[in-house]
Each structure stands twice: as structure tokens, then as C-alpha cells.
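**Student:** I have a structure here, written as C-alpha cells, and I will follow up with some questions on it.
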Amino acid sequence: MKKFKRTFLGFLIPAILIAGCATTPEEHILDLSENQLKLRSIQTRSFDTNDKEKMMRSIMATLQDLDFVVNKADYELGIVTGTKFAQNQVLKMTVIVREKDKNSLLVRANAQYGIRAINTPEPYQDFFDALGKAVFLSANQID
Amino acid sequence: MAKERLLVLALFVFSLAGCATVPVSALKSPETSLKSRQIEMRQFDTQDELKVLSATASVLQDMGFTLTEVERRLGLIVGSKERDATVPGQVAMAAFADILGAAGGSSSNALSQIDSVQTILVSCVTRLNLEKSRVAVRVTFQRVVFNRMNQVSRLETVNDPKVYTGFFDKLSKSIFLEADKI
């Protein structure tokens with residue numbers, strides 16, 4: 001009986017954990033369940049420059065250095081999109097540049113790998129490190 | 001014994017709790033980035049970025065690409081084309097496997113798995129160098145290969161230096177300038 005109980009528990013716990021992970025397909029349309037504020041700070045950095053064109057060109061160069069193909073870019077809207085093939089999966093990334101104030105720019109990046117959004121800080125940190133080197137500026141964490 | 005089982009269970013639980021399996025190094029600079037930059041990038045002795053961009057567009061057109069995206073201000077051209085991707089050797093092997101399967105009494109369908117169509121994507125970015133004296137062009141080719149069932153069978157970035165040399169040869173002829181390695 002005791003053994004049965006333990007086995008039962010052994011299955012129940014993973015089952016609950018899996019269920020915790022699951023969402024209905026429709027929920028993914030807006031994907032608002034994540035901690036938005038935290039995600040925003042992971043994906044955003046500010047740079048002390050107001051040269052939007054240089055920033056955008058550096059973003060494109062950085063994406064290319066990271067083996068991305070740049071698919072789209074629009075200066076007016078400040079959007080750059082790139083795609084990379086990694087381990088037979090598609091890694092897509094969109095970077096948006098907008099003015100924070102007169103002397104600084106906000107850069108927000110978001111990426112998805114296959115059918116999953118990348119929500120962990122490390123990949124974004126790597127990206128902003130590379131971008132910072134390309135523009136000779138440090139990427140500042142936003143509050 | 002019980003410990004071992006607990007460990008297995010714990011590992012199982014952890015692996016599920018992780019939920020996502022995005023490779024940690026997804027956006028890390030690859031060690032080969034300098035090498036691929038040398039392959040994919042050339043510099044031209046001109047300050048006229050627009051001239052280089054428009055020459056790039058016409059070279060891509062020569063190669064049969066349709067241009068899908070252009071951004072003049074940032075120096076970007078993106079194009080794509082669909083072409084046949086059949087490899088004769090692969091067809092022969094698949095046919096052989098199917099015949100063997102049939103002879104053995106099973107219904108294998110290797111012929112439907114062979115490469116059939118490929119989409120070739122190209123992206124060119126031009127940029128004035130820091131001294132604003134020369135224009136650098138960086139080009140990347142990607143291939144998406146579909147099998148006969150119309151499923152994606154391969155996604156790859158083209159790494160063959162010959163492809164890039166060929167492209168830059170055409171480009172330098174088109175703008176009457178030597179393409180210099182970086």
C-alpha cells in the first residue's frame with residue numbers, strides 16, 4: 001500500500017507540474033500571463049546616444065555577426081527583424097529602437113526559438129553585450 | 001536503492017519544470033564570427049552607398065531573385081527565389097530503398113522524403129565604414145529545403161565560400177570596382 005502511494009505520488013507531482021505549464025492555445029494570442037514588467041526589463045536596454053541610424057545599423061551588423069539574416073528594417077519605425085537557423089529550428093528576433101529622451105535611445109529585443117518565446121535573461125544579455133561592443137557604448141539596464 | 005529512485009524522479013521533475021529548452025548560447029557570438037565575416041563581407045572603394053545598394057539589387061535580379069524588402073536609409077536588400085532541389089543521387093538511393101522494401105514485403109516510402117524544392121533567401125546589408133571612406137557589403141544566403149511531401153527537410157545558412165566569392169565577383173563587375181576583403 002505504501003509503495004503504491006509513493007508511486008502514485010511520483011506520477012501525480014509531475015502531472016501537476018505539466019499541467020502548470022500548459023496553457024490553452026488561445027491564451028498564446030496575447031501571452032499576457034508572463035510577468036510583463038520583468039520581461040520588459042530583460043529585453044530592454046538604454047544607450048546614451050541619440051544617433052538612431054547608427055544604432056540601427058549596429059543592430060543589423062550585430063545580428064549578422066550572430067549568424068542572423070536580416071529580413072526587415074524600417075528606419076522611421078525603428079524596427080529590425082532577423083532570422084537564424086539553429087539546430088534545424090528557426091530563431092526569430094525583432095529589435096525596436098525608440099527615443100527615450102533627447103540623449104538616449106531605448107532598444108527592445110524579443111526572440112523566439114522554434115515555437116517558444118525566449119524569456120530567460122542570458123540570451124538577451126549576450127545580445128546586448130554584442131550590440132554594446134558594436135556601438136562602443138554600454139547597454140544600461142532600465143528601471 | 002530508494003535514493004537512486006528518488007534521484008531519477010527528481011531529475012524527471014526538474015526536467016519537466018524547466019519547460020523550455022531554448023539553447024543557452026542562442027544569442028552568443030559564435031567563435032567563427034570573424035571567419036564568417038571575412039567570407040560574407042567585402043569593401044568597395046567608394047563613398048556612394050546608394051550606388052552599391054542599387055548595384056546589389058541588379059546583381060540579385062541577374063541571379064533570379066525577387067526582392068522582398070528594401071530599406072534605403074539603412075542599406076538593406078532582401079530577396080528570395082524558389083528552385084528545384086532534387087539531387088540525382090538521392091533519388092536513386094530512395095528508389096533503390098523503396099524497391100528493396102517492396103521486395104521485402106513492406107511499403108517504404110523513401111521517395112516521398114527526398115528533397116524536392118528549395119527556397120533560397122538572401123539578405124544584403126551595406127554600410128559606410130567608420131572613416132566614411134569605403135562601403136562594406138555583407139551578404140548572407142539561407143536555404144530552406146522541402147521534401148516531396150512539402151515538409152521542411154532542412155534549414156541551413158550557406159557557408160560555402162565559393163558562393164560568396166561568386167556573388168562578389170558579379171557585384172564588383174557591376175559597379176566597376178574591386179571587391180576587397182576586409
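Convention: chains lettered A, B, ... in C-alpha cells order; per-chain residue numbering from 1; ligands numbered from 1 as shown.
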With DSSP run on the backbone, what are the strand (DSSP E) residues within chain A? I'd like them as a PyMOL selection string.
**Tutor:** chain A and resi 44-47+69-74+79-86+89-101+104-113+116-117+140-141
**Student:** Output C-alpha atoms for every residue in that selection, as a PDB file, in the first residue's frame.
**Tutor:**
ATOM      1  CA  THR A  44      15.249  46.321 -22.910  1.00  0.00           C
ATOM      2  CA  ARG A  45      18.392  48.408 -22.549  1.00  0.00           C
ATOM      3  CA  SER A  46      19.029  52.090 -22.895  1.00  0.00           C
ATOM      4  CA  PHE A  47      22.014  53.577 -24.699  1.00  0.00           C
ATOM      5  CA  VAL A  69      19.803  37.055 -41.832  1.00  0.00           C
ATOM      6  CA  VAL A  70      18.217  40.480 -41.628  1.00  0.00           C
ATOM      7  CA  ASN A  71      14.719  40.177 -43.089  1.00  0.00           C
ATOM      8  CA  LYS A  72      13.233  43.574 -42.480  1.00  0.00           C
ATOM      9  CA  ALA A  73      14.311  47.020 -41.428  1.00  0.00           C
ATOM     10  CA  ASP A  74      12.477  50.305 -41.234  1.00  0.00           C
ATOM     11  CA  ILE A  79      12.328  48.082 -36.496  1.00  0.00           C
ATOM     12  CA  VAL A  80      14.821  45.379 -37.447  1.00  0.00           C
ATOM     13  CA  THR A  81      13.858  41.723 -37.823  1.00  0.00           C
ATOM     14  CA  GLY A  82      16.203  38.819 -38.339  1.00  0.00           C
ATOM     15  CA  THR A  83      16.063  35.051 -38.716  1.00  0.00           C
ATOM     16  CA  LYS A  84      18.640  32.436 -37.899  1.00  0.00           C
ATOM     17  CA  PHE A  85      18.611  28.700 -38.404  1.00  0.00           C
ATOM     18  CA  ALA A  86      19.969  26.889 -35.350  1.00  0.00           C
ATOM     19  CA  GLN A  89      14.957  25.326 -35.676  1.00  0.00           C
ATOM     20  CA  VAL A  90      14.098  28.869 -36.631  1.00  0.00           C
ATOM     21  CA  LEU A  91      15.274  31.577 -34.298  1.00  0.00           C
ATOM     22  CA  LYS A  92      13.457  34.838 -34.985  1.00  0.00           C
ATOM     23  CA  MET A  93      14.243  38.146 -33.456  1.00  0.00           C
ATOM     24  CA  THR A  94      12.749  41.622 -33.621  1.00  0.00           C
ATOM     25  CA  VAL A  95      14.561  44.664 -32.292  1.00  0.00           C
ATOM     26  CA  ILE A  96      12.845  48.002 -31.873  1.00  0.00           C
ATOM     27  CA  VAL A  97      14.650  51.279 -31.281  1.00  0.00           C
ATOM     28  CA  ARG A  98      12.847  54.294 -29.910  1.00  0.00           C
ATOM     29  CA  GLU A  99      13.770  57.562 -28.340  1.00  0.00           C
ATOM     30  CA  LYS A 100      13.865  57.553 -24.557  1.00  0.00           C
ATOM     31  CA  ASP A 101      14.717  61.207 -24.161  1.00  0.00           C
ATOM     32  CA  SER A 104      19.271  58.320 -25.134  1.00  0.00           C
ATOM     33  CA  LEU A 105      17.644  55.507 -27.026  1.00  0.00           C
ATOM     34  CA  LEU A 106      15.710  52.523 -25.795  1.00  0.00           C
ATOM     35  CA  VAL A 107      16.389  49.236 -27.532  1.00  0.00           C
ATOM     36  CA  ARG A 108      13.993  46.366 -27.014  1.00  0.00           C
ATOM     37  CA  ALA A 109      14.615  42.921 -28.414  1.00  0.00           C
ATOM     38  CA  ASN A 110      12.426  39.877 -28.387  1.00  0.00           C
ATOM     39  CA  ALA A 111      13.158  36.473 -29.760  1.00  0.00           C
ATOM     40  CA  GLN A 112      11.514  33.129 -30.277  1.00  0.00           C
ATOM     41  CA  TYR A 113      13.130  29.768 -30.791  1.00  0.00           C
ATOM     42  CA  ARG A 116       8.814  29.091 -27.837  1.00  0.00           C
ATOM     43  CA  ALA A 117       9.378  32.646 -26.710  1.00  0.00           C
ATOM     44  CA  ASN A 140      22.277  50.256 -19.455  1.00  0.00           C
ATOM     45  CA  GLN A 141      19.681  48.303 -17.571  1.00  0.00           C
TER      46      GLN A 141
END
**Student:** Mind checking which residues fall within 9 Å of segment 73-87 of chain B, counting only C-alpha atoms, ignoring those fewer than 3 positions away in the same chain, and posting them as a ChimeraX atom specification?
**Tutor:** /A:53-54,56-57,60,69-75 /B:49-50,53,56-57,60-61,64-70,90-92,114-127,145-147
**Student:** Pick the closest to Ser174 of chain B from B:Arg154, B:Arg138, B:Lys51, B:Arg72: which is it, counting only C-alpha atoms?
**Tutor:**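 With only C-alpha atoms as the atom set, the closest residue is B:Lys51.
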**Student:** Show me which bits of chain B are within 7 Å of chain A, counting only C-alpha atoms, as a ChimeraX atom specification.
**Tutor:** /B:13,16-17,19,22,24-30,33,69,71,73-74,78,123,140,154-157
**Student:** So how far away is atom CA of Thr46 of chain B from atom CA of Thr165 of chain B, in Å?
**Tutor:**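 Rounded to one decimal, the two atoms are 19.6 Å apart.
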